[in-house]
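*Asks:* Dropping in coords_7.cif, which is mmCIF, C-alpha atoms:
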data_upload
loop_
_atom_site.label_atom_id
_atom_site.label_comp_id
_atom_site.auth_asym_id
_atom_site.auth_seq_id
_atom_site.Cartn_x
_atom_site.Cartn_y
_atom_site.Cartn_z
CA MET A 1 -16.61 -23.52 -3.28
CA ILE A 2 -17.15 -24.90 0.23
CA THR A 3 -13.63 -23.98 1.33
CA GLU A 4 -14.18 -20.43 0.05
CA ARG A 5 -17.37 -20.12 2.09
CA LEU A 6 -15.69 -21.54 5.17
CA GLY A 7 -12.84 -19.10 4.71
CA LEU A 8 -15.32 -16.22 4.42
CA LEU A 9 -17.15 -17.42 7.52
CA GLY A 10 -13.90 -17.73 9.47
CA ARG A 11 -12.64 -14.29 8.46
CA THR A 12 -16.03 -12.77 9.26
CA ALA A 13 -16.13 -14.39 12.69
CA LEU A 14 -12.58 -13.24 13.40
CA VAL A 15 -13.30 -9.64 12.42
CA LEU A 16 -16.67 -9.36 14.17
CA LEU A 17 -15.48 -11.01 17.38
CA SER A 18 -12.35 -8.83 17.42
CA ALA A 19 -14.47 -5.73 16.91
CA LEU A 20 -16.84 -6.85 19.67
CA LEU A 21 -13.94 -7.38 22.08
CA LEU A 22 -12.50 -3.97 21.20
CA GLN A 23 -15.92 -2.37 21.64
CA VAL A 24 -16.54 -3.91 25.04
CA SER A 25 -13.02 -3.59 26.44
CA VAL A 26 -11.43 -0.52 24.83
CA MET A 27 -14.12 1.75 23.39
CA SER A 28 -16.21 1.61 26.54
CA ASP A 29 -13.23 3.09 28.40
CA LEU A 30 -12.78 5.98 25.94
CA PRO A 31 -15.75 8.26 26.57
CA ALA A 32 -15.86 11.62 24.84
CA PHE A 33 -18.53 14.06 26.01
CA HIS A 34 -20.09 11.25 28.08
CA ALA A 35 -20.57 9.06 24.97
CA VAL A 36 -18.57 6.23 23.41
CA GLY A 37 -17.90 5.23 19.83
CA ASP A 38 -19.63 2.26 18.23
CA LEU A 39 -17.29 -0.11 16.40
CA MET A 40 -20.04 -2.61 15.70
CA LEU A 41 -22.05 0.00 13.83
CA LEU A 42 -18.87 0.84 11.94
CA MET A 43 -18.51 -2.84 10.97
CA ALA A 44 -22.01 -2.79 9.46
CA ILE A 45 -21.38 0.47 7.59
CA ALA A 46 -18.04 -0.71 6.21
CA ALA A 47 -19.44 -4.09 5.16
CA GLY A 48 -22.21 -2.31 3.25
CA SER A 49 -19.81 0.18 1.75
CA VAL A 50 -17.55 -2.60 0.45
CA GLY A 51 -20.03 -5.37 -0.33
CA GLY A 52 -23.24 -3.59 -1.23
CA PRO A 53 -26.66 -3.37 0.41
CA ASP A 54 -27.29 -7.11 0.79
CA ARG A 55 -23.97 -7.82 2.45
CA GLY A 56 -24.31 -4.67 4.53
CA ALA A 57 -27.66 -5.77 5.90
CA THR A 58 -26.48 -9.34 6.49
CA TYR A 59 -23.23 -8.48 8.23
CA GLY A 60 -24.89 -5.58 10.03
CA PHE A 61 -27.47 -7.97 11.43
CA ALA A 62 -24.72 -10.36 12.56
CA ALA A 63 -22.73 -7.53 14.18
CA GLY A 64 -25.84 -6.22 15.91
CA LEU A 65 -26.84 -9.65 17.14
CA ALA A 66 -23.38 -10.16 18.64
CA PHE A 67 -23.58 -6.71 20.26
CA ASP A 68 -27.08 -7.43 21.62
CA LEU A 69 -25.71 -10.44 23.48
CA THR A 70 -23.37 -8.21 25.51
CA LEU A 71 -25.86 -5.48 26.47
CA ASP A 72 -28.81 -5.13 28.76
CA THR A 73 -31.12 -3.70 26.11
CA PRO A 74 -34.12 -5.18 24.31
CA PHE A 75 -32.79 -8.15 22.35
CA GLY A 76 -32.64 -7.47 18.62
CA LEU A 77 -32.47 -3.68 18.95
CA TYR A 78 -28.98 -3.39 17.53
CA ALA A 79 -29.43 -6.26 15.08
CA LEU A 80 -32.26 -4.30 13.46
CA THR A 81 -30.46 -0.98 13.66
CA PHE A 82 -27.17 -2.23 12.23
CA ALA A 83 -28.92 -4.13 9.44
CA VAL A 84 -30.62 -0.89 8.39
CA ALA A 85 -27.34 1.04 8.62
CA GLY A 86 -25.42 -1.57 6.61
CA TYR A 87 -28.11 -1.58 3.94
CA LEU A 88 -28.11 2.24 3.72
CA ALA A 89 -24.32 2.35 3.43
CA GLY A 90 -24.35 -0.26 0.68
CA TRP A 91 -27.19 1.46 -1.14
CA GLY A 92 -25.41 4.82 -0.98
CA ALA A 93 -22.10 3.41 -2.24
CA ALA A 94 -23.83 1.52 -5.05
CA TRP A 95 -25.02 4.72 -6.71
CA LEU A 96 -21.54 6.08 -7.41
CA VAL A 97 -19.24 4.67 -10.05
CA GLN A 98 -16.00 5.47 -8.22
CA PRO A 99 -16.60 6.81 -4.72
CA ARG A 100 -13.64 8.77 -3.38
CA TRP A 101 -12.28 8.53 0.16
CA TRP A 102 -14.13 11.65 1.27
CA PHE A 103 -17.43 10.09 0.19
CA HIS A 104 -16.85 7.10 2.45
CA VAL A 105 -15.86 9.35 5.35
CA SER A 106 -18.94 11.57 5.00
CA MET A 107 -21.21 8.58 4.38
CA ALA A 108 -19.90 6.85 7.53
CA ALA A 109 -20.64 9.97 9.56
CA GLY A 110 -24.12 10.41 8.09
CA VAL A 111 -25.15 6.76 8.36
CA SER A 112 -23.79 6.69 11.92
CA VAL A 113 -26.10 9.53 12.90
CA VAL A 114 -29.01 7.74 11.21
CA GLY A 115 -28.07 4.50 13.02
CA VAL A 116 -28.04 6.19 16.43
CA VAL A 117 -31.37 7.89 15.76
CA VAL A 118 -32.98 4.67 14.51
CA SER A 119 -31.76 2.79 17.60
CA VAL A 120 -33.18 5.49 19.88
CA VAL A 121 -36.53 5.48 18.05
CA VAL A 122 -36.80 1.68 18.22
CA ALA A 123 -35.76 1.71 21.89
CA ARG A 124 -38.35 4.41 22.58
CA VAL A 125 -41.06 2.29 20.93
CA LEU A 126 -39.98 -0.57 23.21
CA GLY A 127 -40.26 1.63 26.31
CA VAL A 128 -36.65 2.71 26.90
CA SER A 129 -36.33 6.49 27.21
CA PHE A 130 -33.36 8.72 26.44
CA LYS A 131 -32.61 12.37 27.13
CA PHE A 132 -32.35 14.50 23.99
CA ASP A 133 -28.92 15.85 25.03
CA GLU A 134 -27.56 12.32 25.32
CA ILE A 135 -28.86 11.41 21.86
CA VAL A 136 -27.12 14.38 20.25
CA GLN A 137 -23.87 13.70 22.09
CA GLN A 138 -23.95 10.01 21.23
CA ALA A 139 -24.72 10.67 17.55
CA LEU A 140 -21.89 13.19 17.22
CA VAL A 141 -19.31 11.03 18.99
CA VAL A 142 -20.24 7.92 17.00
CA ALA A 143 -20.19 9.89 13.74
CA LEU A 144 -16.72 11.30 14.47
CA TRP A 145 -15.25 7.92 15.50
CA ASN A 146 -16.73 6.13 12.51
CA ALA A 147 -15.65 8.84 10.06
CA ALA A 148 -12.10 8.60 11.41
CA LEU A 149 -11.95 4.79 11.19
CA ILE A 150 -13.93 3.98 8.02
CA ILE A 151 -10.98 3.85 5.59
CA PRO A 152 -8.92 1.20 7.47
CA VAL A 153 -12.06 -0.80 8.32
CA ARG A 154 -13.07 -0.82 4.64
CA ARG A 155 -9.67 -2.35 3.83
CA LEU A 156 -10.35 -4.98 6.47
CA TRP A 157 -13.68 -5.88 4.83
CA PHE A 158 -12.01 -6.18 1.43
CA TRP A 159 -9.77 -8.80 3.07
CA VAL A 160 -12.80 -10.53 4.64
CA PHE A 161 -14.60 -10.74 1.31
CA GLY A 162 -11.40 -11.98 -0.37
CA GLU A 163 -11.31 -9.17 -2.90
CA GLU A 164 -8.80 -6.64 -3.97
CA GLU A 165 -10.14 -3.12 -3.84
CA PRO A 166 -11.79 -2.71 -7.22
CA GLY A 167 -11.45 0.41 -9.30
CA ARG A 168 -15.21 0.36 -9.51
CA PHE A 169 -17.96 -0.72 -7.16
CA ARG A 170 -19.40 -3.99 -8.45
CA VAL A 171 -23.08 -4.17 -7.63
CA ALA A 172 -25.70 -5.02 -10.20
CA MET A 173 -28.81 -2.97 -9.62
CA GLN A 174 -31.81 -4.77 -11.02
#
Could I get this structure in the form of structure tokens?
*Replies:*
Amino acid sequence: MITERLGLLGRTALVLLSALLLQVSVMSDLPAFHAVGDLMLLMAIAAGSVGGPDRGATYGFAAGLAFDLTLDTPFGLYALTFAVAGYLAGWGAAWLVQPRWWFHVSMAAGVSVVGVVVSVVVARVLGVSFKFDEIVQQALVVALWNAALIIPVRRLWFWVFGEEEPGRFRVAMQ
């Protein structure tokens, strides 16, 4: 039991730190329409899609907290945003018996847009302003990147959770 949890913790740390390094070093150098993709948001969405709402919120919070440490934004902004996005992705995937690949792609795009909007709203409440054009560009670019990468990242989260991809999503709704 303890070795399983340590293995899960180690795999999670490896995946989140690798994603953070890729985000900071590679994605920041790949702007499209003056906006960059958000791998850390993708990690939260994929964790929720694979593990359900609770895991999505938990791993989304961890991914956001790690991302907050690298940015000059109000601390906790992305931890809150990614926790919400991970929960929404898990909640959406839990309602279908056998979600197809296109569902995960469209859900990743939709939740990405919601994640960008929530982060802008929270930042605005905290006094950081954004131009409307930049918000639209950022939301579209993040949605396209995350839709393109969700399938391989879901496979990665199946490995992290130590599960084979089930034929059916296993979440008990109570």
*Asks:* Taking only C-alpha atoms into account, which of A:Ala93, A:Ala109, A:Ala13, A:Val36 comes nearest Leu144 of chain A?
*Replies:* A:Ala109
*Asks:* To one decimal in Å, tell me the separation between atom CA of Glu163 of chain A and atom CA of Thr12 of chain A.
*Replies:*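 Value for the atom CA of Glu163 of chain A-atom CA of Thr12 of chain A distance: 13.5 Å.
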*Asks:* Report the distance between atom CA of Ala19 of chain A and atom CA of Phe103 of chain A in Å, rounded to one decimal place.
*Replies:* 23.2 Å
*Asks:* Tell me which protein, DNA and RNA residues are within 9 Å of segment 145-149 of chain A, counting only C-alpha atoms, leaving out same-chain ones fewer than 5 positions away, and put them as a list in words.
*Replies:*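 The neighbour list is Val36, Gly37, Asp38, Leu39, Leu41, Leu42, Ile45, His104, Val105, Ser106, Met107, Ala108, Ala109, Gly110, Ser112, Leu140 and Arg154 of chain A.
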*Asks:* Convert the current residue selection to file output with C-alpha atoms, as a PDB file, keeping the file's coordinate frame.
*Replies:*
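Below you can see result-v9.pdb, which holds the result:
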ATOM      1  CA  VAL A  36     -18.570   6.230  23.410  1.00  0.00           C
ATOM      2  CA  GLY A  37     -17.900   5.230  19.830  1.00  0.00           C
ATOM      3  CA  ASP A  38     -19.630   2.260  18.230  1.00  0.00           C
ATOM      4  CA  LEU A  39     -17.290  -0.110  16.400  1.00  0.00           C
ATOM      5  CA  LEU A  41     -22.050   0.000  13.830  1.00  0.00           C
ATOM      6  CA  LEU A  42     -18.870   0.840  11.940  1.00  0.00           C
ATOM      7  CA  ILE A  45     -21.380   0.470   7.590  1.00  0.00           C
ATOM      8  CA  HIS A 104     -16.850   7.100   2.450  1.00  0.00           C
ATOM      9  CA  VAL A 105     -15.860   9.350   5.350  1.00  0.00           C
ATOM     10  CA  SER A 106     -18.940  11.570   5.000  1.00  0.00           C
ATOM     11  CA  MET A 107     -21.210   8.580   4.380  1.00  0.00           C
ATOM     12  CA  ALA A 108     -19.900   6.850   7.530  1.00  0.00           C
ATOM     13  CA  ALA A 109     -20.640   9.970   9.560  1.00  0.00           C
ATOM     14  CA  GLY A 110     -24.120  10.410   8.090  1.00  0.00           C
ATOM     15  CA  SER A 112     -23.790   6.690  11.920  1.00  0.00           C
ATOM     16  CA  LEU A 140     -21.890  13.190  17.220  1.00  0.00           C
ATOM     17  CA  ARG A 154     -13.070  -0.820   4.640  1.00  0.00           C
TER      18      ARG A 154
END
*Asks:* If you apply the PyMOL selection byres ((chain A and resi 123) around 12) to this file, what residues do you get, as a ChimeraX atom specification?
*Replies:* /A:72-78,80-81,116-122,124-130,135
*Asks:* Would you work out the distance separating atom CA of Ala66 of chain A from atom CA of Val113 of chain A, expressed in Å to one decimal?
*Replies:* 20.7 Å
*Asks:* Can you spell out as a PyMOL selection string the set of residues that the PyMOL selection byres ((chain A and resi 63) around 12) selects in the structure I just provided?
*Replies:* chain A and resi 12-21+23+38-47+55-62+64-70+76-86
*Asks:* Could you take the residues named above and write them with C-alpha atoms, as a PDB file, in the frame of the given file?
*Replies:*
ATOM      1  CA  THR A  12     -16.030 -12.770   9.260  1.00  0.00           C
ATOM      2  CA  ALA A  13     -16.130 -14.390  12.690  1.00  0.00           C
ATOM      3  CA  LEU A  14     -12.580 -13.240  13.400  1.00  0.00           C
ATOM      4  CA  VAL A  15     -13.300  -9.640  12.420  1.00  0.00           C
ATOM      5  CA  LEU A  16     -16.670  -9.360  14.170  1.00  0.00           C
ATOM      6  CA  LEU A  17     -15.480 -11.010  17.380  1.00  0.00           C
ATOM      7  CA  SER A  18     -12.350  -8.830  17.420  1.00  0.00           C
ATOM      8  CA  ALA A  19     -14.470  -5.730  16.910  1.00  0.00           C
ATOM      9  CA  LEU A  20     -16.840  -6.850  19.670  1.00  0.00           C
ATOM     10  CA  LEU A  21     -13.940  -7.380  22.080  1.00  0.00           C
ATOM     11  CA  GLN A  23     -15.920  -2.370  21.640  1.00  0.00           C
ATOM     12  CA  ASP A  38     -19.630   2.260  18.230  1.00  0.00           C
ATOM     13  CA  LEU A  39     -17.290  -0.110  16.400  1.00  0.00           C
ATOM     14  CA  MET A  40     -20.040  -2.610  15.700  1.00  0.00           C
ATOM     15  CA  LEU A  41     -22.050   0.000  13.830  1.00  0.00           C
ATOM     16  CA  LEU A  42     -18.870   0.840  11.940  1.00  0.00           C
ATOM     17  CA  MET A  43     -18.510  -2.840  10.970  1.00  0.00           C
ATOM     18  CA  ALA A  44     -22.010  -2.790   9.460  1.00  0.00           C
ATOM     19  CA  ILE A  45     -21.380   0.470   7.590  1.00  0.00           C
ATOM     20  CA  ALA A  46     -18.040  -0.710   6.210  1.00  0.00           C
ATOM     21  CA  ALA A  47     -19.440  -4.090   5.160  1.00  0.00           C
ATOM     22  CA  ARG A  55     -23.970  -7.820   2.450  1.00  0.00           C
ATOM     23  CA  GLY A  56     -24.310  -4.670   4.530  1.00  0.00           C
ATOM     24  CA  ALA A  57     -27.660  -5.770   5.900  1.00  0.00           C
ATOM     25  CA  THR A  58     -26.480  -9.340   6.490  1.00  0.00           C
ATOM     26  CA  TYR A  59     -23.230  -8.480   8.230  1.00  0.00           C
ATOM     27  CA  GLY A  60     -24.890  -5.580  10.030  1.00  0.00           C
ATOM     28  CA  PHE A  61     -27.470  -7.970  11.430  1.00  0.00           C
ATOM     29  CA  ALA A  62     -24.720 -10.360  12.560  1.00  0.00           C
ATOM     30  CA  GLY A  64     -25.840  -6.220  15.910  1.00  0.00           C
ATOM     31  CA  LEU A  65     -26.840  -9.650  17.140  1.00  0.00           C
ATOM     32  CA  ALA A  66     -23.380 -10.160  18.640  1.00  0.00           C
ATOM     33  CA  PHE A  67     -23.580  -6.710  20.260  1.00  0.00           C
ATOM     34  CA  ASP A  68     -27.080  -7.430  21.620  1.00  0.00           C
ATOM     35  CA  LEU A  69     -25.710 -10.440  23.480  1.00  0.00           C
ATOM     36  CA  THR A  70     -23.370  -8.210  25.510  1.00  0.00           C
ATOM     37  CA  GLY A  76     -32.640  -7.470  18.620  1.00  0.00           C
ATOM     38  CA  LEU A  77     -32.470  -3.680  18.950  1.00  0.00           C
ATOM     39  CA  TYR A  78     -28.980  -3.390  17.530  1.00  0.00           C
ATOM     40  CA  ALA A  79     -29.430  -6.260  15.080  1.00  0.00           C
ATOM     41  CA  LEU A  80     -32.260  -4.300  13.460  1.00  0.00           C
ATOM     42  CA  THR A  81     -30.460  -0.980  13.660  1.00  0.00           C
ATOM     43  CA  PHE A  82     -27.170  -2.230  12.230  1.00  0.00           C
ATOM     44  CA  ALA A  83     -28.920  -4.130   9.440  1.00  0.00           C
ATOM     45  CA  VAL A  84     -30.620  -0.890   8.390  1.00  0.00           C
ATOM     46  CA  ALA A  85     -27.340   1.040   8.620  1.00  0.00           C
ATOM     47  CA  GLY A  86     -25.420  -1.570   6.610  1.00  0.00           C
TER      48      GLY A  86
END
*Asks:* Just checking: using all atoms listed in the file, which residue out of A:Leu22, A:Leu88, A:Gly7, A:Leu71 ends up closest to Trp159 of chain A?
*Replies:*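 Closest candidate: A:Gly7.
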*Asks:* Put segment 99-114 of chain A into a file with all heavy atoms, as a tab-separated table (two decimals), in the first residue's frame.
*Replies:*
chain	number	residue	atom	x	y	z
A	99	PRO	N	-16.80	7.43	-23.18
A	99	PRO	CA	-16.49	8.60	-24.01
A	99	PRO	C	-15.54	8.23	-25.14
A	99	PRO	O	-14.59	7.48	-24.94
A	99	PRO	CB	-15.81	9.57	-23.04
A	99	PRO	CG	-15.90	8.97	-21.70
A	99	PRO	CD	-16.32	7.56	-21.83
A	100	ARG	N	-15.82	8.71	-26.30
A	100	ARG	CA	-14.98	8.47	-27.48
A	100	ARG	C	-13.87	9.51	-27.54
A	100	ARG	O	-13.89	10.50	-26.82
A	100	ARG	CB	-15.83	8.54	-28.76
A	100	ARG	CG	-16.96	7.56	-28.77
A	100	ARG	CD	-16.43	6.18	-29.04
A	100	ARG	NE	-17.55	5.25	-29.17
A	100	ARG	CZ	-17.53	4.03	-28.72
A	100	ARG	NH1	-16.48	3.58	-28.10
A	100	ARG	NH2	-18.57	3.25	-28.87
A	101	TRP	N	-12.92	9.30	-28.43
A	101	TRP	CA	-11.77	10.20	-28.55
A	101	TRP	C	-12.21	11.62	-28.87
A	101	TRP	O	-11.65	12.58	-28.36
A	101	TRP	CB	-10.79	9.70	-29.61
A	101	TRP	CG	-11.34	9.75	-31.01
A	101	TRP	CD1	-12.02	8.76	-31.66
A	101	TRP	CD2	-11.28	10.85	-31.89
A	101	TRP	NE1	-12.39	9.18	-32.90
A	101	TRP	CE2	-11.94	10.47	-33.08
A	101	TRP	CE3	-10.74	12.13	-31.82
A	101	TRP	CZ2	-12.07	11.31	-34.17
A	101	TRP	CZ3	-10.87	12.98	-32.90
A	101	TRP	CH2	-11.53	12.55	-34.06
A	102	TRP	N	-13.22	11.78	-29.70
A	102	TRP	CA	-13.66	13.12	-30.09
A	102	TRP	C	-14.27	13.87	-28.89
A	102	TRP	O	-14.21	15.08	-28.83
A	102	TRP	CB	-14.63	13.07	-31.26
A	102	TRP	CG	-15.83	12.20	-31.03
A	102	TRP	CD1	-15.98	10.89	-31.38
A	102	TRP	CD2	-17.03	12.57	-30.35
A	102	TRP	NE1	-17.20	10.43	-30.97
A	102	TRP	CE2	-17.88	11.44	-30.35
A	102	TRP	CE3	-17.49	13.74	-29.75
A	102	TRP	CZ2	-19.14	11.45	-29.75
A	102	TRP	CZ3	-18.75	13.75	-29.17
A	102	TRP	CH2	-19.55	12.61	-29.18
A	103	PHE	N	-14.86	13.12	-27.95
A	103	PHE	CA	-15.39	13.77	-26.76
A	103	PHE	C	-14.26	14.38	-25.95
A	103	PHE	O	-14.36	15.52	-25.48
A	103	PHE	CB	-16.18	12.77	-25.90
A	103	PHE	CG	-16.55	13.35	-24.56
A	103	PHE	CD1	-17.62	14.22	-24.44
A	103	PHE	CD2	-15.80	13.07	-23.43
A	103	PHE	CE1	-17.96	14.78	-23.22
A	103	PHE	CE2	-16.13	13.61	-22.20
A	103	PHE	CZ	-17.21	14.47	-22.10
A	104	HIS	N	-13.17	13.64	-25.78
A	104	HIS	CA	-12.04	14.14	-25.00
A	104	HIS	C	-11.39	15.34	-25.69
A	104	HIS	O	-10.98	16.29	-25.02
A	104	HIS	CB	-11.02	13.04	-24.77
A	104	HIS	CG	-11.56	11.92	-23.94
A	104	HIS	ND1	-11.93	12.08	-22.62
A	104	HIS	CD2	-11.81	10.62	-24.25
A	104	HIS	CE1	-12.38	10.93	-22.15
A	104	HIS	NE2	-12.32	10.04	-23.12
A	105	VAL	N	-11.32	15.30	-27.01
A	105	VAL	CA	-10.74	16.43	-27.75
A	105	VAL	C	-11.61	17.67	-27.59
A	105	VAL	O	-11.11	18.76	-27.28
A	105	VAL	CB	-10.55	16.06	-29.24
A	105	VAL	CG1	-10.19	17.27	-30.07
A	105	VAL	CG2	-9.50	14.96	-29.39
A	106	SER	N	-12.91	17.53	-27.80
A	106	SER	CA	-13.80	18.70	-27.67
A	106	SER	C	-13.89	19.17	-26.22
A	106	SER	O	-13.96	20.38	-25.96
A	106	SER	CB	-15.18	18.39	-28.24
A	106	SER	OG	-15.77	17.30	-27.57
A	107	MET	N	-13.88	18.24	-25.26
A	107	MET	CA	-13.92	18.63	-23.86
A	107	MET	C	-12.65	19.38	-23.48
A	107	MET	O	-12.71	20.38	-22.75
A	107	MET	CB	-14.09	17.41	-22.96
A	107	MET	CG	-14.22	17.79	-21.50
A	107	MET	SD	-13.69	16.54	-20.33
A	107	MET	CE	-12.24	15.87	-21.01
A	108	ALA	N	-11.50	18.94	-23.97
A	108	ALA	CA	-10.25	19.63	-23.66
A	108	ALA	C	-10.28	21.06	-24.20
A	108	ALA	O	-9.85	21.99	-23.52
A	108	ALA	CB	-9.06	18.87	-24.24
A	109	ALA	N	-10.81	21.23	-25.40
A	109	ALA	CA	-10.91	22.57	-25.97
A	109	ALA	C	-11.86	23.44	-25.16
A	109	ALA	O	-11.54	24.59	-24.82
A	109	ALA	CB	-11.36	22.49	-27.42
A	110	GLY	N	-13.02	22.91	-24.83
A	110	GLY	CA	-14.01	23.68	-24.08
A	110	GLY	C	-13.55	24.04	-22.68
A	110	GLY	O	-13.69	25.19	-22.24
A	111	VAL	N	-12.99	23.07	-21.96
A	111	VAL	CA	-12.53	23.32	-20.59
A	111	VAL	C	-11.32	24.26	-20.62
A	111	VAL	O	-11.14	25.07	-19.70
A	111	VAL	CB	-12.22	22.01	-19.85
A	111	VAL	CG1	-11.57	22.26	-18.51
A	111	VAL	CG2	-13.49	21.20	-19.67
A	112	SER	N	-10.52	24.21	-21.68
A	112	SER	CA	-9.40	25.14	-21.80
A	112	SER	C	-9.88	26.58	-21.91
A	112	SER	O	-9.33	27.48	-21.26
A	112	SER	CB	-8.54	24.79	-23.02
A	112	SER	OG	-7.96	23.53	-22.86
A	113	VAL	N	-10.91	26.78	-22.70
A	113	VAL	CA	-11.48	28.13	-22.82
A	113	VAL	C	-12.02	28.59	-21.47
A	113	VAL	O	-11.78	29.72	-21.04
A	113	VAL	CB	-12.56	28.17	-23.91
A	113	VAL	CG1	-13.33	29.48	-23.88
A	113	VAL	CG2	-11.95	27.94	-25.29
A	114	VAL	N	-12.74	27.70	-20.79
A	114	VAL	CA	-13.27	28.03	-19.47
A	114	VAL	C	-12.11	28.34	-18.50
A	114	VAL	O	-12.18	29.30	-17.73
A	114	VAL	CB	-14.15	26.89	-18.92
A	114	VAL	CG1	-14.49	27.10	-17.46
A	114	VAL	CG2	-15.41	26.76	-19.75
